[in-house]
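A.B. asks: Sharing model00.csv below, CSV, N, CA and C atoms:
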chain,number,residue,atom,x,y,z
A,1,MET,N,9.4,2.2,-1.9
A,1,MET,CA,9.0,1.2,-1.0
A,1,MET,C,10.1,0.1,-1.1
A,2,SER,N,10.4,-0.4,0.1
A,2,SER,CA,11.4,-1.5,0.1
A,2,SER,C,10.8,-2.7,0.7
A,3,GLU,N,11.3,-3.9,0.4
A,3,GLU,CA,10.7,-5.1,0.9
A,3,GLU,C,11.8,-6.0,1.3
A,4,GLN,N,11.6,-6.7,2.4
A,4,GLN,CA,12.6,-7.7,2.9
A,4,GLN,C,12.3,-9.0,2.1
A,5,GLY,N,13.2,-9.4,1.3
A,5,GLY,CA,13.0,-10.6,0.5
A,5,GLY,C,12.1,-10.3,-0.7
A,6,ARG,N,12.7,-10.0,-1.8
A,6,ARG,CA,12.0,-9.5,-3.0
A,6,ARG,C,10.9,-10.5,-3.5
A,7,GLU,N,11.2,-11.8,-3.7
A,7,GLU,CA,10.2,-12.7,-4.2
A,7,GLU,C,9.5,-13.4,-3.1
A,8,PRO,N,8.1,-13.2,-3.0
A,8,PRO,CA,7.4,-13.8,-1.9
A,8,PRO,C,7.4,-15.3,-1.9
A,9,ARG,N,7.9,-15.9,-0.8
A,9,ARG,CA,7.9,-17.4,-0.7
A,9,ARG,C,6.9,-17.8,0.3
A,10,ALA,N,6.4,-16.9,1.1
A,10,ALA,CA,5.4,-17.2,2.2
A,10,ALA,C,4.2,-16.4,1.9
A,11,PRO,N,3.0,-16.7,2.4
A,11,PRO,CA,1.8,-16.0,2.1
A,11,PRO,C,1.8,-14.6,2.7
A,12,PHE,N,2.7,-14.3,3.7
A,12,PHE,CA,2.7,-13.0,4.3
A,12,PHE,C,4.2,-12.5,4.3
A,13,GLY,N,4.3,-11.2,4.2
A,13,GLY,CA,5.7,-10.6,4.3
A,13,GLY,C,5.6,-9.2,4.8
A,14,VAL,N,6.7,-8.6,5.0
A,14,VAL,CA,6.8,-7.2,5.5
A,14,VAL,C,7.4,-6.3,4.4
A,15,ALA,N,6.9,-5.1,4.3
A,15,ALA,CA,7.4,-4.1,3.4
A,15,ALA,C,7.4,-2.8,4.1
A,16,GLU,N,8.3,-1.9,3.6
A,16,GLU,CA,8.4,-0.6,4.3
A,16,GLU,C,8.0,0.5,3.3
A,17,VAL,N,7.2,1.5,3.7
A,17,VAL,CA,6.8,2.6,2.9
A,17,VAL,C,7.9,3.6,2.8
A,18,THR,N,8.2,4.0,1.6
A,18,THR,CA,9.1,5.2,1.4
A,18,THR,C,8.4,6.2,0.5
A,19,GLY,N,8.4,7.4,0.9
A,19,GLY,CA,7.8,8.5,0.2
A,19,GLY,C,6.4,8.8,0.7
A,20,PRO,N,5.8,9.9,0.1
A,20,PRO,CA,4.6,10.4,0.6
A,20,PRO,C,3.3,10.1,-0.2
A,21,SER,N,3.4,9.2,-1.2
A,21,SER,CA,2.3,9.0,-2.1
A,21,SER,C,1.0,8.5,-1.4
A,22,MET,N,1.1,7.8,-0.3
A,22,MET,CA,-0.1,7.2,0.3
A,22,MET,C,-0.5,8.0,1.6
A,23,TYR,N,0.1,9.1,1.8
A,23,TYR,CA,-0.3,9.9,3.0
A,23,TYR,C,-1.7,10.5,2.8
A,24,PRO,N,-2.5,10.5,3.8
A,24,PRO,CA,-2.4,10.3,5.2
A,24,PRO,C,-2.6,8.8,5.6
A,25,THR,N,-3.0,7.9,4.7
A,25,THR,CA,-3.3,6.5,5.1
A,25,THR,C,-2.0,5.8,5.6
A,26,LEU,N,-0.9,6.0,4.8
A,26,LEU,CA,0.4,5.4,5.2
A,26,LEU,C,1.4,6.5,5.2
A,27,ARG,N,2.4,6.4,6.1
A,27,ARG,CA,3.4,7.4,6.2
A,27,ARG,C,4.8,6.8,5.9
A,28,HIS,N,5.7,7.6,5.5
A,28,HIS,CA,7.1,7.2,5.2
A,28,HIS,C,7.6,6.5,6.5
A,29,GLY,N,8.1,5.3,6.3
A,29,GLY,CA,8.7,4.6,7.4
A,29,GLY,C,7.7,3.5,8.0
A,30,ASP,N,6.4,3.6,7.6
A,30,ASP,CA,5.5,2.6,8.1
A,30,ASP,C,5.9,1.2,7.6
A,31,GLN,N,5.8,0.2,8.4
A,31,GLN,CA,6.0,-1.2,8.1
A,31,GLN,C,4.6,-1.8,7.7
A,32,LEU,N,4.6,-2.5,6.6
A,32,LEU,CA,3.3,-3.1,6.1
A,32,LEU,C,3.3,-4.6,6.2
A,33,LEU,N,2.2,-5.2,6.6
A,33,LEU,CA,2.0,-6.6,6.6
A,33,LEU,C,1.3,-6.9,5.2
A,34,VAL,N,2.0,-7.6,4.3
A,34,VAL,CA,1.5,-7.8,3.0
A,34,VAL,C,1.0,-9.3,2.9
A,35,HIS,N,-0.2,-9.5,2.4
A,35,HIS,CA,-0.7,-10.8,2.1
A,35,HIS,C,-0.6,-11.1,0.6
A,36,TYR,N,0.4,-11.9,0.3
A,36,TYR,CA,0.7,-12.2,-1.1
A,36,TYR,C,-0.4,-13.1,-1.7
A,37,GLY,N,-0.8,-12.8,-2.9
A,37,GLY,CA,-1.8,-13.7,-3.6
A,37,GLY,C,-3.2,-13.5,-3.1
A,38,ALA,N,-3.4,-12.6,-2.2
A,38,ALA,CA,-4.8,-12.4,-1.6
A,38,ALA,C,-5.7,-11.9,-2.7
A,39,GLU,N,-7.0,-12.2,-2.6
A,39,GLU,CA,-8.0,-11.6,-3.4
A,39,GLU,C,-8.1,-10.1,-3.1
A,40,VAL,N,-8.3,-9.3,-4.2
A,40,VAL,CA,-8.3,-7.9,-4.0
A,40,VAL,C,-9.6,-7.4,-4.7
A,41,LYS,N,-10.0,-6.2,-4.3
A,41,LYS,CA,-11.1,-5.5,-4.9
A,41,LYS,C,-10.8,-4.0,-4.9
A,42,PRO,N,-11.6,-3.2,-5.6
A,42,PRO,CA,-11.4,-1.8,-5.6
A,42,PRO,C,-11.5,-1.2,-4.2
A,43,GLY,N,-10.6,-0.3,-3.9
A,43,GLY,CA,-10.5,0.3,-2.6
A,43,GLY,C,-9.4,-0.3,-1.7
A,44,ASP,N,-9.0,-1.5,-2.0
A,44,ASP,CA,-7.9,-2.1,-1.3
A,44,ASP,C,-6.6,-1.4,-1.6
A,45,ILE,N,-5.6,-1.5,-0.6
A,45,ILE,CA,-4.3,-1.0,-0.8
A,45,ILE,C,-3.4,-2.3,-1.1
A,46,ALA,N,-2.6,-2.1,-2.2
A,46,ALA,CA,-1.9,-3.3,-2.7
A,46,ALA,C,-0.4,-3.0,-2.9
A,47,VAL,N,0.4,-4.0,-3.0
A,47,VAL,CA,1.8,-3.9,-3.4
A,47,VAL,C,1.9,-4.5,-4.8
A,48,LEU,N,2.5,-3.7,-5.6
A,48,LEU,CA,2.6,-4.0,-7.1
A,48,LEU,C,4.0,-3.8,-7.6
A,49,ARG,N,4.4,-4.4,-8.7
A,49,ARG,CA,5.6,-4.1,-9.4
A,49,ARG,C,5.3,-2.9,-10.2
A,50,HIS,N,6.2,-1.9,-10.3
A,50,HIS,CA,6.0,-0.7,-11.1
A,50,HIS,C,6.0,-1.2,-12.6
A,51,PRO,N,5.0,-0.8,-13.4
A,51,PRO,CA,4.9,-1.3,-14.8
A,51,PRO,C,6.1,-0.9,-15.7
A,52,LEU,N,6.8,0.2,-15.4
A,52,LEU,CA,7.9,0.7,-16.2
A,52,LEU,C,9.2,0.3,-15.7
A,53,GLN,N,9.3,-0.1,-14.4
A,53,GLN,CA,10.5,-0.4,-13.7
A,53,GLN,C,10.2,-1.6,-12.8
A,54,GLN,N,10.2,-2.8,-13.3
A,54,GLN,CA,9.6,-3.9,-12.5
A,54,GLN,C,10.5,-4.4,-11.4
A,55,ASP,N,11.7,-3.9,-11.2
A,55,ASP,CA,12.4,-4.2,-10.0
A,55,ASP,C,12.1,-3.2,-8.8
A,56,LEU,N,11.2,-2.3,-9.1
A,56,LEU,CA,10.7,-1.3,-8.1
A,56,LEU,C,9.3,-1.7,-7.6
A,57,LEU,N,9.1,-1.8,-6.3
A,57,LEU,CA,7.8,-2.2,-5.8
A,57,LEU,C,7.1,-0.9,-5.4
A,58,ILE,N,5.8,-0.8,-5.6
A,58,ILE,CA,5.0,0.4,-5.2
A,58,ILE,C,3.8,-0.1,-4.4
A,59,VAL,N,3.3,0.8,-3.6
A,59,VAL,CA,2.1,0.6,-2.8
A,59,VAL,C,1.1,1.6,-3.2
A,60,LYS,N,-0.1,1.2,-3.7
A,60,LYS,CA,-1.1,2.1,-4.1
A,60,LYS,C,-2.5,1.6,-3.8
A,61,ARG,N,-3.5,2.4,-3.9
A,61,ARG,CA,-4.9,2.0,-3.8
A,61,ARG,C,-5.4,1.6,-5.1
A,62,LEU,N,-6.1,0.4,-5.1
A,62,LEU,CA,-6.7,-0.1,-6.3
A,62,LEU,C,-8.0,0.6,-6.5
A,63,VAL,N,-8.1,1.3,-7.6
A,63,VAL,CA,-9.3,2.1,-7.9
A,63,VAL,C,-10.3,1.3,-8.7
A,64,GLU,N,-9.9,0.8,-9.8
A,64,GLU,CA,-10.8,-0.1,-10.6
A,64,GLU,C,-10.0,-1.1,-11.5
A,65,ARG,N,-10.7,-2.2,-11.7
A,65,ARG,CA,-10.1,-3.2,-12.5
A,65,ARG,C,-10.5,-3.0,-13.9
A,66,ARG,N,-9.5,-3.0,-14.8
A,66,ARG,CA,-9.8,-2.7,-16.2
A,66,ARG,C,-9.3,-4.0,-17.0
A,67,GLU,N,-9.7,-4.0,-18.3
A,67,GLU,CA,-9.3,-5.1,-19.1
A,67,GLU,C,-7.8,-5.3,-19.1
A,68,ASP,N,-7.0,-4.2,-19.2
A,68,ASP,CA,-5.6,-4.3,-19.3
A,68,ASP,C,-4.9,-4.2,-17.9
A,69,GLY,N,-5.6,-4.2,-16.8
A,69,GLY,CA,-4.9,-4.2,-15.5
A,69,GLY,C,-5.7,-3.3,-14.5
A,70,TRP,N,-5.0,-3.0,-13.4
A,70,TRP,CA,-5.6,-2.2,-12.4
A,70,TRP,C,-5.2,-0.7,-12.5
A,71,TRP,N,-6.2,0.2,-12.4
A,71,TRP,CA,-6.0,1.6,-12.3
A,71,TRP,C,-5.7,1.9,-10.8
A,72,VAL,N,-4.5,2.4,-10.5
A,72,VAL,CA,-4.1,2.6,-9.1
A,72,VAL,C,-3.8,4.1,-8.9
A,73,LEU,N,-4.1,4.5,-7.7
A,73,LEU,CA,-3.8,5.9,-7.3
A,73,LEU,C,-3.2,5.9,-5.9
A,74,GLY,N,-2.4,6.9,-5.6
A,74,GLY,CA,-1.9,7.2,-4.3
A,74,GLY,C,-3.0,8.0,-3.6
A,75,ASP,N,-3.1,7.9,-2.2
A,75,ASP,CA,-4.0,8.7,-1.5
A,75,ASP,C,-3.7,10.2,-1.4
A,76,ASN,N,-2.5,10.5,-1.6
A,76,ASN,CA,-2.0,11.9,-1.6
A,76,ASN,C,-2.1,12.5,-3.0
A,77,PRO,N,-3.1,13.3,-3.3
A,77,PRO,CA,-3.3,13.8,-4.6
A,77,PRO,C,-2.2,14.7,-5.2
A,78,GLY,N,-1.4,15.2,-4.3
A,78,GLY,CA,-0.2,16.0,-4.7
A,78,GLY,C,1.0,15.2,-5.1
A,79,ALA,N,1.0,14.0,-4.8
A,79,ALA,CA,2.2,13.1,-5.1
A,79,ALA,C,2.0,12.5,-6.4
A,80,GLU,N,3.1,12.3,-7.2
A,80,GLU,CA,3.0,11.7,-8.5
A,80,GLU,C,3.4,10.2,-8.4
A,81,GLY,N,3.3,9.5,-9.5
A,81,GLY,CA,3.8,8.2,-9.5
A,81,GLY,C,2.7,7.1,-9.4
A,82,ASP,N,1.6,7.3,-10.1
A,82,ASP,CA,0.5,6.4,-10.1
A,82,ASP,C,-0.1,6.2,-11.5
A,83,SER,N,-1.2,5.7,-11.7
A,83,SER,CA,-1.8,5.4,-13.0
A,83,SER,C,-2.0,6.7,-13.9
A,84,ARG,N,-2.1,7.8,-13.2
A,84,ARG,CA,-2.1,9.1,-14.0
A,84,ARG,C,-0.9,9.3,-14.8
A,85,VAL,N,0.2,8.7,-14.4
A,85,VAL,CA,1.5,8.8,-15.1
A,85,VAL,C,1.8,7.6,-16.0
A,86,PHE,N,1.6,6.4,-15.4
A,86,PHE,CA,2.0,5.2,-16.2
A,86,PHE,C,0.9,4.3,-16.7
A,87,GLY,N,-0.4,4.7,-16.5
A,87,GLY,CA,-1.5,4.0,-17.0
A,87,GLY,C,-1.8,2.8,-16.1
A,88,SER,N,-2.6,1.9,-16.6
A,88,SER,CA,-3.0,0.7,-15.8
A,88,SER,C,-1.8,-0.2,-15.5
A,89,VAL,N,-1.8,-0.9,-14.4
A,89,VAL,CA,-0.8,-1.8,-14.0
A,89,VAL,C,-1.3,-3.2,-14.4
A,90,PRO,N,-0.6,-4.0,-15.2
A,90,PRO,CA,-1.0,-5.3,-15.6
A,90,PRO,C,-1.3,-6.2,-14.4
A,91,HIS,N,-2.3,-7.0,-14.6
A,91,HIS,CA,-2.8,-7.9,-13.5
A,91,HIS,C,-1.6,-8.7,-12.9
A,92,GLU,N,-0.7,-9.2,-13.7
A,92,GLU,CA,0.3,-10.1,-13.3
A,92,GLU,C,1.4,-9.3,-12.4
A,93,LEU,N,1.3,-8.0,-12.4
A,93,LEU,CA,2.3,-7.2,-11.5
A,93,LEU,C,1.7,-7.0,-10.1
A,94,LEU,N,0.5,-7.3,-9.9
A,94,LEU,CA,-0.1,-7.2,-8.5
A,94,LEU,C,0.5,-8.3,-7.7
A,95,LEU,N,1.1,-8.0,-6.6
A,95,LEU,CA,1.7,-9.0,-5.7
A,95,LEU,C,0.9,-9.4,-4.5
A,96,GLY,N,0.3,-8.4,-3.9
A,96,GLY,CA,-0.5,-8.8,-2.7
A,96,GLY,C,-1.2,-7.6,-2.1
A,97,ARG,N,-2.1,-7.9,-1.1
A,97,ARG,CA,-2.9,-6.9,-0.5
A,97,ARG,C,-2.3,-6.5,0.9
A,98,VAL,N,-2.3,-5.2,1.2
A,98,VAL,CA,-1.8,-4.8,2.5
A,98,VAL,C,-2.9,-5.0,3.5
A,99,ARG,N,-2.5,-5.7,4.6
A,99,ARG,CA,-3.5,-6.1,5.6
A,99,ARG,C,-3.4,-5.2,6.9
A,100,GLY,N,-2.2,-4.7,7.1
A,100,GLY,CA,-2.0,-3.9,8.3
A,100,GLY,C,-0.7,-3.0,8.2
A,101,ARG,N,-0.6,-2.1,9.1
A,101,ARG,CA,0.6,-1.3,9.2
A,101,ARG,C,1.0,-1.0,10.6
A,102,TYR,N,2.3,-0.8,10.9
A,102,TYR,CA,2.7,-0.3,12.2
A,102,TYR,C,3.9,0.6,12.0
A,103,ARG,N,4.0,1.5,12.9
A,103,ARG,CA,5.2,2.4,12.9
A,103,ARG,C,6.2,1.8,13.9
A,104,PRO,N,7.5,1.8,13.4
A,104,PRO,CA,8.5,1.4,14.3
A,104,PRO,C,8.6,2.2,15.6
A,105,LEU,N,9.0,1.5,16.7
A,105,LEU,CA,9.2,2.2,18.0
A,105,LEU,C,10.3,3.2,17.9
A,106,ALA,N,10.0,4.4,18.5
A,106,ALA,CA,11.0,5.4,18.6
A,106,ALA,C,11.8,5.2,19.9
A,107,GLU,N,12.9,5.8,20.0
A,107,GLU,CA,13.8,5.6,21.2
A,107,GLU,C,13.0,6.0,22.5
A,108,ASP,N,12.2,7.0,22.5
A,108,ASP,CA,11.5,7.5,23.7
A,108,ASP,C,10.3,6.7,24.0
A,109,GLN,N,10.0,5.6,23.2
A,109,GLN,CA,8.8,4.8,23.5
A,109,GLN,C,9.2,3.5,24.1
A,110,ARG,N,10.3,3.3,24.7
A,110,ARG,CA,10.8,2.0,25.2
A,110,ARG,C,10.2,1.7,26.6
A,111,SER,N,9.6,2.7,27.3
A,111,SER,CA,9.0,2.5,28.6
A,111,SER,C,7.7,1.8,28.5
A,112,ALA,N,7.1,1.3,29.6
A,112,ALA,CA,5.8,0.6,29.5
A,112,ALA,C,4.7,1.6,29.0
A,113,ARG,N,4.8,2.8,29.5
A,113,ARG,CA,3.8,3.8,29.1
A,113,ARG,C,4.0,4.2,27.6
A,114,GLY,N,5.3,4.3,27.2
A,114,GLY,CA,5.6,4.6,25.8
A,114,GLY,C,5.1,3.5,24.9
A,115,LEU,N,5.4,2.3,25.3
A,115,LEU,CA,5.0,1.1,24.5
A,115,LEU,C,3.4,1.0,24.4
A,116,ALA,N,2.7,1.3,25.5
A,116,ALA,CA,1.2,1.3,25.4
A,116,ALA,C,0.7,2.4,24.5
A,117,SER,N,1.3,3.5,24.6
A,117,SER,CA,0.9,4.6,23.7
A,117,SER,C,1.2,4.3,22.2
A,118,TRP,N,2.4,3.7,22.0
A,118,TRP,CA,2.7,3.2,20.6
A,118,TRP,C,1.7,2.2,20.1
A,119,ALA,N,1.4,1.2,20.9
A,119,ALA,CA,0.5,0.2,20.5
A,119,ALA,C,-0.9,0.7,20.1
A,120,LEU,N,-1.4,1.7,20.9
A,120,LEU,CA,-2.7,2.3,20.6
A,120,LEU,C,-2.7,3.1,19.3
A,121,SER,N,-1.6,3.7,19.0
A,121,SER,CA,-1.6,4.6,17.8
A,121,SER,C,-0.9,4.1,16.6
A,122,ALA,N,0.0,3.2,16.8
A,122,ALA,CA,0.9,2.8,15.7
A,122,ALA,C,0.5,1.5,15.0
A,123,VAL,N,-0.3,0.7,15.6
A,123,VAL,CA,-0.6,-0.6,15.0
A,123,VAL,C,-2.1,-0.6,14.6
A,124,ARG,N,-2.4,-0.8,13.3
A,124,ARG,CA,-3.8,-0.9,12.9
A,124,ARG,C,-3.9,-1.6,11.6
A,125,PRO,N,-5.1,-2.2,11.4
A,125,PRO,CA,-5.3,-2.8,10.1
A,125,PRO,C,-5.5,-1.8,9.0
A,126,VAL,N,-5.2,-2.2,7.8
A,126,VAL,CA,-5.4,-1.3,6.6
A,126,VAL,C,-6.6,-1.9,5.9
A,127,LEU,N,-7.7,-1.2,6.0
A,127,LEU,CA,-9.0,-1.7,5.5
A,127,LEU,C,-9.3,-1.1,4.1
A,128,CYS,N,-10.2,-1.7,3.4
A,128,CYS,CA,-10.7,-1.2,2.1
A,128,CYS,C,-11.5,0.0,2.4
A,129,ASP,N,-11.3,1.0,1.6
A,129,ASP,CA,-12.1,2.2,1.7
A,129,ASP,C,-12.9,2.5,0.4
A,130,ARG,N,-14.1,2.0,0.3
A,130,ARG,CA,-14.9,2.0,-0.9
A,130,ARG,C,-15.2,3.5,-1.2
A,131,SER,N,-15.4,4.4,-0.2
A,131,SER,CA,-15.7,5.8,-0.5
A,131,SER,C,-14.6,6.4,-1.2
A,132,VAL,N,-13.3,6.1,-0.8
A,132,VAL,CA,-12.2,6.7,-1.5
A,132,VAL,C,-12.1,6.2,-2.9
A,133,SER,N,-12.4,4.9,-3.1
A,133,SER,CA,-12.4,4.4,-4.5
A,133,SER,C,-13.3,5.1,-5.4
A,134,ARG,N,-14.6,5.3,-4.9
A,134,ARG,CA,-15.6,6.0,-5.7
A,134,ARG,C,-15.1,7.4,-6.0
A,135,ARG,N,-14.6,8.1,-5.0
A,135,ARG,CA,-14.2,9.5,-5.1
A,135,ARG,C,-13.1,9.6,-6.1
A,136,LEU,N,-12.1,8.7,-6.1
A,136,LEU,CA,-11.0,8.8,-7.0
A,136,LEU,C,-11.4,8.5,-8.4
A,137,ARG,N,-12.3,7.6,-8.6
A,137,ARG,CA,-12.8,7.2,-9.9
A,137,ARG,C,-13.5,8.3,-10.6
A,138,ALA,N,-14.1,9.2,-9.8
A,138,ALA,CA,-14.9,10.3,-10.4
A,138,ALA,C,-14.0,11.4,-10.9
A,139,ARG,N,-12.8,11.4,-10.7
A,139,ARG,CA,-11.9,12.5,-11.2
A,139,ARG,C,-11.8,12.5,-12.7
Just dump the structure as structure tokens.

C.D. replies:
Amino acid sequence: MSEQGREPRAPFGVAEVTGPSMYPTLRHGDQLLVHYGAEVKPGDIAVLRHPLQQDLLIVKRLVERREDGWWVLGDNPGAEGDSRVFGSVPHELLLGRVRGRYRPLAEDQRSARGLASWALSAVRPVLCDRSVSRRLRAR
């Protein structure tokens, strides 16, 4: 995941998804609207600093709050790189909650019809999914 402006100075920022760990919820190349410092709860998707490489930002689903931090998982069970590998993420490494995502316009979507099609399919809020949280915790 990459972010424009590493240290949040405003309450909202934009980040880009890299990799398949959050598929199908998020796809490689999606742009995310991140609400820094927002309250979070299990089921939310969040941007965090990687606990073993803190200059790397990750986007994961918050599964449960533990005494030592958040247990986080990707939505793609086949992808690695979540709490199953590195354990809980300390609370202070949680940066913000993902509020929405959009896919950048493709070259063939520049017409009015293409733009309308893009707007209907590419822009959407990213909501908390409590059922996913319960399902992932049960593993």

A.B. asks: Need the neighbours of (-8.5, 2.1, -8.7): which residues are at most 7 Å away, counting all atoms listed in the file, as a list in words?

C.D. replies: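 Taken together, the residues in range are Pro42, Gly43, Arg61, Leu62, Val63, Glu64, Arg65, Trp70, Trp71, Val72, Leu73, Ser133 and Arg137 of chain A.
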
A.B. asks: Could you pull out the residues in segment 52-106 of chain A that DSSP calls strand (DSSP E) from the backbone, as a PDB file with N, CA and C atoms, keeping the file's coordinate frame?

C.D. replies:
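Result file states_17.pdb:
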ATOM      1  N   LEU A  57       9.100  -1.800  -6.300  1.00  0.00           N
ATOM      2  CA  LEU A  57       7.800  -2.200  -5.800  1.00  0.00           C
ATOM      3  C   LEU A  57       7.100  -0.900  -5.400  1.00  0.00           C
ATOM      4  N   ILE A  58       5.800  -0.800  -5.600  1.00  0.00           N
ATOM      5  CA  ILE A  58       5.000   0.400  -5.200  1.00  0.00           C
ATOM      6  C   ILE A  58       3.800  -0.100  -4.400  1.00  0.00           C
ATOM      7  N   VAL A  59       3.300   0.800  -3.600  1.00  0.00           N
ATOM      8  CA  VAL A  59       2.100   0.600  -2.800  1.00  0.00           C
ATOM      9  C   VAL A  59       1.100   1.600  -3.200  1.00  0.00           C
ATOM     10  N   LYS A  60      -0.100   1.200  -3.700  1.00  0.00           N
ATOM     11  CA  LYS A  60      -1.100   2.100  -4.100  1.00  0.00           C
ATOM     12  C   LYS A  60      -2.500   1.600  -3.800  1.00  0.00           C
ATOM     13  N   ARG A  61      -3.500   2.400  -3.900  1.00  0.00           N
ATOM     14  CA  ARG A  61      -4.900   2.000  -3.800  1.00  0.00           C
ATOM     15  C   ARG A  61      -5.400   1.600  -5.100  1.00  0.00           C
ATOM     16  N   LEU A  62      -6.100   0.400  -5.100  1.00  0.00           N
ATOM     17  CA  LEU A  62      -6.700  -0.100  -6.300  1.00  0.00           C
ATOM     18  C   LEU A  62      -8.000   0.600  -6.500  1.00  0.00           C
ATOM     19  N   VAL A  63      -8.100   1.300  -7.600  1.00  0.00           N
ATOM     20  CA  VAL A  63      -9.300   2.100  -7.900  1.00  0.00           C
ATOM     21  C   VAL A  63     -10.300   1.300  -8.700  1.00  0.00           C
ATOM     22  N   GLU A  64      -9.900   0.800  -9.800  1.00  0.00           N
ATOM     23  CA  GLU A  64     -10.800  -0.100 -10.600  1.00  0.00           C
ATOM     24  C   GLU A  64     -10.000  -1.100 -11.500  1.00  0.00           C
ATOM     25  N   ARG A  65     -10.700  -2.200 -11.700  1.00  0.00           N
ATOM     26  CA  ARG A  65     -10.100  -3.200 -12.500  1.00  0.00           C
ATOM     27  C   ARG A  65     -10.500  -3.000 -13.900  1.00  0.00           C
ATOM     28  N   ARG A  66      -9.500  -3.000 -14.800  1.00  0.00           N
ATOM     29  CA  ARG A  66      -9.800  -2.700 -16.200  1.00  0.00           C
ATOM     30  C   ARG A  66      -9.300  -4.000 -17.000  1.00  0.00           C
ATOM     31  N   GLY A  69      -5.600  -4.200 -16.800  1.00  0.00           N
ATOM     32  CA  GLY A  69      -4.900  -4.200 -15.500  1.00  0.00           C
ATOM     33  C   GLY A  69      -5.700  -3.300 -14.500  1.00  0.00           C
ATOM     34  N   TRP A  70      -5.000  -3.000 -13.400  1.00  0.00           N
ATOM     35  CA  TRP A  70      -5.600  -2.200 -12.400  1.00  0.00           C
ATOM     36  C   TRP A  70      -5.200  -0.700 -12.500  1.00  0.00           C
ATOM     37  N   TRP A  71      -6.200   0.200 -12.400  1.00  0.00           N
ATOM     38  CA  TRP A  71      -6.000   1.600 -12.300  1.00  0.00           C
ATOM     39  C   TRP A  71      -5.700   1.900 -10.800  1.00  0.00           C
ATOM     40  N   VAL A  72      -4.500   2.400 -10.500  1.00  0.00           N
ATOM     41  CA  VAL A  72      -4.100   2.600  -9.100  1.00  0.00           C
ATOM     42  C   VAL A  72      -3.800   4.100  -8.900  1.00  0.00           C
ATOM     43  N   LEU A  73      -4.100   4.500  -7.700  1.00  0.00           N
ATOM     44  CA  LEU A  73      -3.800   5.900  -7.300  1.00  0.00           C
ATOM     45  C   LEU A  73      -3.200   5.900  -5.900  1.00  0.00           C
ATOM     46  N   LEU A  94       0.500  -7.300  -9.900  1.00  0.00           N
ATOM     47  CA  LEU A  94      -0.100  -7.200  -8.500  1.00  0.00           C
ATOM     48  C   LEU A  94       0.500  -8.300  -7.700  1.00  0.00           C
ATOM     49  N   LEU A  95       1.100  -8.000  -6.600  1.00  0.00           N
ATOM     50  CA  LEU A  95       1.700  -9.000  -5.700  1.00  0.00           C
ATOM     51  C   LEU A  95       0.900  -9.400  -4.500  1.00  0.00           C
ATOM     52  N   GLY A  96       0.300  -8.400  -3.900  1.00  0.00           N
ATOM     53  CA  GLY A  96      -0.500  -8.800  -2.700  1.00  0.00           C
ATOM     54  C   GLY A  96      -1.200  -7.600  -2.100  1.00  0.00           C
ATOM     55  N   ARG A  97      -2.100  -7.900  -1.100  1.00  0.00           N
ATOM     56  CA  ARG A  97      -2.900  -6.900  -0.500  1.00  0.00           C
ATOM     57  C   ARG A  97      -2.300  -6.500   0.900  1.00  0.00           C
ATOM     58  N   VAL A  98      -2.300  -5.200   1.200  1.00  0.00           N
ATOM     59  CA  VAL A  98      -1.800  -4.800   2.500  1.00  0.00           C
ATOM     60  C   VAL A  98      -2.900  -5.000   3.500  1.00  0.00           C
ATOM     61  N   ARG A  99      -2.500  -5.700   4.600  1.00  0.00           N
ATOM     62  CA  ARG A  99      -3.500  -6.100   5.600  1.00  0.00           C
ATOM     63  C   ARG A  99      -3.400  -5.200   6.900  1.00  0.00           C
ATOM     64  N   GLY A 100      -2.200  -4.700   7.100  1.00  0.00           N
ATOM     65  CA  GLY A 100      -2.000  -3.900   8.300  1.00  0.00           C
ATOM     66  C   GLY A 100      -0.700  -3.000   8.200  1.00  0.00           C
ATOM     67  N   ARG A 101      -0.600  -2.100   9.100  1.00  0.00           N
ATOM     68  CA  ARG A 101       0.600  -1.300   9.200  1.00  0.00           C
ATOM     69  C   ARG A 101       1.000  -1.000  10.600  1.00  0.00           C
ATOM     70  N   TYR A 102       2.300  -0.800  10.900  1.00  0.00           N
ATOM     71  CA  TYR A 102       2.700  -0.300  12.200  1.00  0.00           C
ATOM     72  C   TYR A 102       3.900   0.600  12.000  1.00  0.00           C
TER      73      TYR A 102
END

A.B. asks: Could you work out how far atom CA of Val98 of chain A lies from atom CA of Ala122 of chain A, giving the answer in Å with one decimal?

C.D. replies: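 Value for the atom CA of Ala122 of chain A-atom CA of Val98 of chain A distance: 15.5 Å.
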
A.B. asks: Extract the full set of helix (DSSP H, G or I) residues from chain A according to DSSP on the backbone, and format it as a PyMOL selection string.

C.D. replies: chain A and resi 83-86+91-93+107-109+112-122+130-137

A.B. asks: Which residues come within 7 Å of Val34 of chain A, counting only C-alpha atoms, excluding same-chain residues fewer than 5 positions away, as JSON, numbers by chain?

C.D. replies: {"A": [12, 13, 14, 15, 96, 97, 98, 99]}

A.B. asks: Residues around (-3.5, 11.3, 4.8), cut-off 5 Å, counting only N, CA and C atoms - what are they as a PyMOL selection string?

C.D. replies: chain A and resi 23-25

A.B. asks: For Ala10 of chain A, list every protein, DNA or RNA residue within 8 Å, evaluated using only N, CA and C atoms, and leave out those in the same chain fewer than 5 positions away; present the list as JSON, numbers by chain.

C.D. replies: {"A": [34, 35, 36, 37]}

A.B. asks: What's the separation between atom CA of His28 of chain A and atom C of Ala79 of chain A, in Å to one decimal place?

C.D. replies: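 Between atom CA of His28 of chain A and atom C of Ala79 of chain A the gap is 13.7 Å.
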
A.B. asks: Pick out the closest residue to Leu93 of chain A from this set: A:Arg124, A:His50, A:Arg110, A:Arg66. Count only N, CA and C atoms.

C.D. replies: A:His50

A.B. asks: Pick out the closest residue to Pro77 of chain A from this set: A:Pro11, A:Val126, A:Glu16, A:Ser21. Count all atoms listed in the file.

C.D. replies: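 Comparing A:Pro11, A:Val126, A:Glu16, A:Ser21 against Pro77 of chain A, the winner is A:Ser21.
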
A.B. asks: Mind giving me the straight-line distance from atom C of Asp30 of chain A to atom CA of Leu56 of chain A in Å, one decimal?

C.D. replies: 16.6 Å
